[in-house]
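Read through the structure below, which is laid out as structure tokens, and then see the notes.
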Amino acid sequence: MLGIEGTAHTVSAGIVDGERVLSNVSSTYRPERGGIHPREASIHHFENVTRVVKEALSAASLTMNDIDLVAFSQGPGLGPCLRVVSTAARALALKYRLPLLGVNHPLGHIEIGRKLSGASDPVMLYVSGGNTQVIAHRYGRYRVFGETMDIGVGNLLDKVARDMGIPFPGGPEIERLARDGRKLLHLPYSVKGMDTSFSGMYTATLRHIRKGERREDIAFSIQETAFSMLVEVLERALYVLDKEEILLAGGVALNSRLREMVSSMARDAGVRAYMTDPKYCMDNGAMIAQAGLLMFTSGIRQRLEETGIQQRQRIDSVPAPWVAEVQG
Ligand code: ATP
Ligand code: FE2
């Protein structure tokens, strides 16, 4: 199975089989200044998509003739980027007469996490640039039980980093700075049920930056406050849904402080915490291939007309009949 990802900053091709990831090759667009510019990112994807597919094939010692499905990221994401990737995937599928499946991007993050960690029916915290969602499988599909009311937690980290002069993606540098933080600055803690909000925290952080607080203390305070909020909603979901596993997925799941806080909550709650393999936390083609494989083997097929891009597609709009719910 070949998967091509390209919803935002990264264009990537990955190949998986029933057991493992055979290869994964990515190219990330890095804006010279400011945030991601959709058209520039799409030009980057256009210039690199053929190369990443070729390199993924050769890294797996395969040719297109060995591929039996082309899967691509259908949405949600930036329109121009989605169009490049869907066009490339359609061209490949038509040329090699292969079935084509449009895959939901968050579904990819979750399925690669499940595959490589061994989690079966977890409550998931999907934390990335654009998303902050608490997800669990219920009645044939993944459902969102809580989410951010405004910006994603990754976006918060990226915006704060940018205001401190750190280029995209800001998460890794915020994590590094936070290690030397000593003072916990006051930031709004905003949780409602299983929903979260981060825009107030962003505004308050700007005030701390202007006041000249140390960057290390700012990074530390954001991590401690934002991640405590995430752990709280995750723990609430665990009890409400009566699940016994947790899975952390998405780019922010790379953060070792978040991993530590989630693991410690899981220990106290007597449940198992699974983490997505760091190599596959950020957007990658292998995750799209893996979700495509599960869709295909459970009988899901799409006609060419059904493979249009869906800029705002939500995970709860796509069926996921392959998960055996443990309880709930
Ligand atoms: P979405 O999945 O919502 O469409 P995305 O595809 O842009 O968003 P991912 O590639 O899944 O996002 O994740 C990117 C995000 O992960 C960025 O916001 C980045 O700052 C964040 N990130 C990466 N490494 C770390 C880290 N070590 N700590 C915190 N955040 C991190
Ligand atoms: Fe993503």
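FYI, nothing fancy with the structure tokens labels: chains A, B, ... in order, residues from 1 per chain, ligands from 1 as they appear.
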
| task | Determine, counting only C-alpha atoms, which protein, DNA and RNA residues have an atom within 10 Å of an atom of A:Leu98; residues of the same chain fewer than 6 positions away are not included. Present the result as a ChimeraX atom specification. | result | /A:64-65,67-70,90,92

| request: Report as a ChimeraX atom specification: the residues of stretch 260-308 of chain A with a DSSP assignment of helix (DSSP H, G or I), based on the backbone of this structure. | output: /A:260-269,278-280,285-297,304-307

| Test item: residues lying within 8 Å of ligand 1 with only C-alpha atoms and all ligand atoms, as an MDAnalysis selection string | chainID A and resid 7:10 76:77 105:106 109 126:132 152:158 168:175 249:256 281:284

As a short mmCIF file (atom, residue, chain, number, x, y, z; two decimals) with N, CA and C atoms, in the first residue's frame, please: the residues near A:Arg176 (cut-off 12 Å, only C-alpha atoms, same-chain neighbours under 4 positions excluded).
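Listing of around-v5.cif after writing:
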data_model
loop_
_atom_site.label_atom_id
_atom_site.label_comp_id
_atom_site.auth_asym_id
_atom_site.auth_seq_id
_atom_site.Cartn_x
_atom_site.Cartn_y
_atom_site.Cartn_z
N ALA A 161 6.25 30.69 19.66
CA ALA A 161 7.63 30.58 19.20
C ALA A 161 7.92 31.67 18.17
N ILE A 166 11.42 32.39 16.89
CA ILE A 166 11.82 31.01 16.59
C ILE A 166 11.05 30.54 15.35
N GLY A 170 7.62 25.48 15.97
CA GLY A 170 8.14 26.00 17.22
C GLY A 170 8.17 25.00 18.36
N GLY A 171 7.35 23.94 18.26
CA GLY A 171 7.22 22.99 19.37
C GLY A 171 8.54 22.47 19.93
N PRO A 172 9.43 21.97 19.06
CA PRO A 172 10.67 21.39 19.58
C PRO A 172 11.52 22.40 20.37
N ASP A 180 14.80 24.62 31.00
CA ASP A 180 15.50 25.55 31.90
C ASP A 180 14.55 26.56 32.54
N GLY A 181 13.25 26.28 32.49
CA GLY A 181 12.29 27.17 33.13
C GLY A 181 12.31 26.97 34.64
N ARG A 215 12.45 33.70 28.33
CA ARG A 215 11.85 32.79 27.35
C ARG A 215 11.68 31.38 27.93
N GLU A 216 12.66 31.00 28.75
CA GLU A 216 12.60 29.66 29.35
C GLU A 216 11.40 29.53 30.27
N ASP A 217 11.12 30.62 31.04
CA ASP A 217 9.99 30.57 31.96
C ASP A 217 8.67 30.58 31.19
N ILE A 218 8.64 31.31 30.10
CA ILE A 218 7.43 31.36 29.28
C ILE A 218 7.15 29.98 28.70
N ALA A 219 8.19 29.37 28.11
CA ALA A 219 8.02 28.05 27.50
C ALA A 219 7.58 27.03 28.55
N PHE A 220 8.23 27.07 29.69
CA PHE A 220 7.92 26.14 30.79
C PHE A 220 6.46 26.33 31.24
N GLN A 223 3.91 25.01 28.68
CA GLN A 223 3.85 23.55 28.69
C GLN A 223 3.11 23.03 29.91
N ASN A 255 6.41 15.57 22.25
CA ASN A 255 6.92 16.30 23.42
C ASN A 255 7.11 15.38 24.63
N SER A 256 8.33 15.35 25.17
CA SER A 256 8.59 14.38 26.23
C SER A 256 7.94 14.78 27.55
N ARG A 257 7.74 16.07 27.78
CA ARG A 257 7.04 16.46 29.01
C ARG A 257 5.58 16.01 28.95
#

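Closest approach to ligand 2 from the set A:Leu94, A:Gly108, A:Tyr189, A:Arg51 is made by A:Gly108, with distances taken over only C-alpha atoms and all ligand atoms.
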
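Distance check against ligand 2 using only C-alpha atoms and all ligand atoms: of A:Gly193, A:Gly285, A:Gly146, A:Pro122, the minimum falls on A:Gly285.
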
| message | Which residue is closest to ligand 2? Choose from A:Gly292, A:Lys192, A:Tyr280, A:Arg162 and count only C-alpha atoms and all ligand atoms. | response | A:Tyr280

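Closest approach to ligand 2 from the set A:Met287, A:Leu57, A:Ala93, A:Val240 is made by A:Met287, with distances taken over only C-alpha atoms and all ligand atoms.
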
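Comparing the minimum interatomic distances between ligand 2 and each of A:Asp242, A:Leu78, A:Arg30, A:Ile15, counting only C-alpha atoms and all ligand atoms, we find that A:Leu78 sits nearest.
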
| request: Using atom CA of A:Ile288 and atom CA of A:Glu245 as the two end points, give the distance in Å to one decimal. | output: 22.9 Å

| Leaving out stretch 200-203 of chain A and any residue of its chain fewer than 5 positions from it, which residues lie within 9 Å of it when counting only C-alpha atoms, given as a PyMOL selection string? | chain A and resi 156-157+159-160+187-190+222+225-226

If you keep C-alpha atoms, can you produce a file of those selected residues as a CSV table (one decimal), in the first residue's frame?
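Saved file again25.csv follows:
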chain,number,residue,atom,x,y,z
A,156,LEU,CA,-0.3,27.9,20.2
A,157,LEU,CA,3.3,26.6,20.5
A,159,LYS,CA,2.6,31.2,17.4
A,160,VAL,CA,4.4,31.8,20.7
A,187,LEU,CA,-1.7,31.7,32.4
A,188,PRO,CA,-5.4,31.1,32.0
A,189,TYR,CA,-6.4,27.5,32.4
A,190,SER,CA,-9.4,26.9,30.3
A,222,ILE,CA,2.9,27.2,28.6
A,225,THR,CA,-0.5,24.8,31.9
A,226,ALA,CA,-1.5,23.6,28.5

| task | Can you list, as a count of residues only, all residues belonging to stretch 146-296 of chain A that DSSP tags as strand (DSSP E or B)? | result | 16

| Within 9 Å of A:Leu230, counting only C-alpha atoms, which residues qualify if same-chain residues fewer than 6 places away don't, as a ChimeraX atom specification? | /A:125,132,134,191,194,196,258,262

Export of the given selection (C-alpha atoms) as a PDB file, in the first residue's frame:
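Ended up saving to again19.pdb:
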ATOM      1  CA  LEU A 125      -5.398  12.486  22.571  1.00  0.00           C
ATOM      2  CA  THR A 132      -6.575  19.116  19.791  1.00  0.00           C
ATOM      3  CA  VAL A 134     -10.116  13.608  22.527  1.00  0.00           C
ATOM      4  CA  VAL A 191     -11.260  23.529  30.343  1.00  0.00           C
ATOM      5  CA  MET A 194     -13.793  17.647  27.600  1.00  0.00           C
ATOM      6  CA  THR A 196     -10.258  23.146  25.791  1.00  0.00           C
ATOM      7  CA  LEU A 258       3.556  15.704  27.646  1.00  0.00           C
ATOM      8  CA  VAL A 262       0.188  11.402  30.366  1.00  0.00           C
TER       9      VAL A 262
END
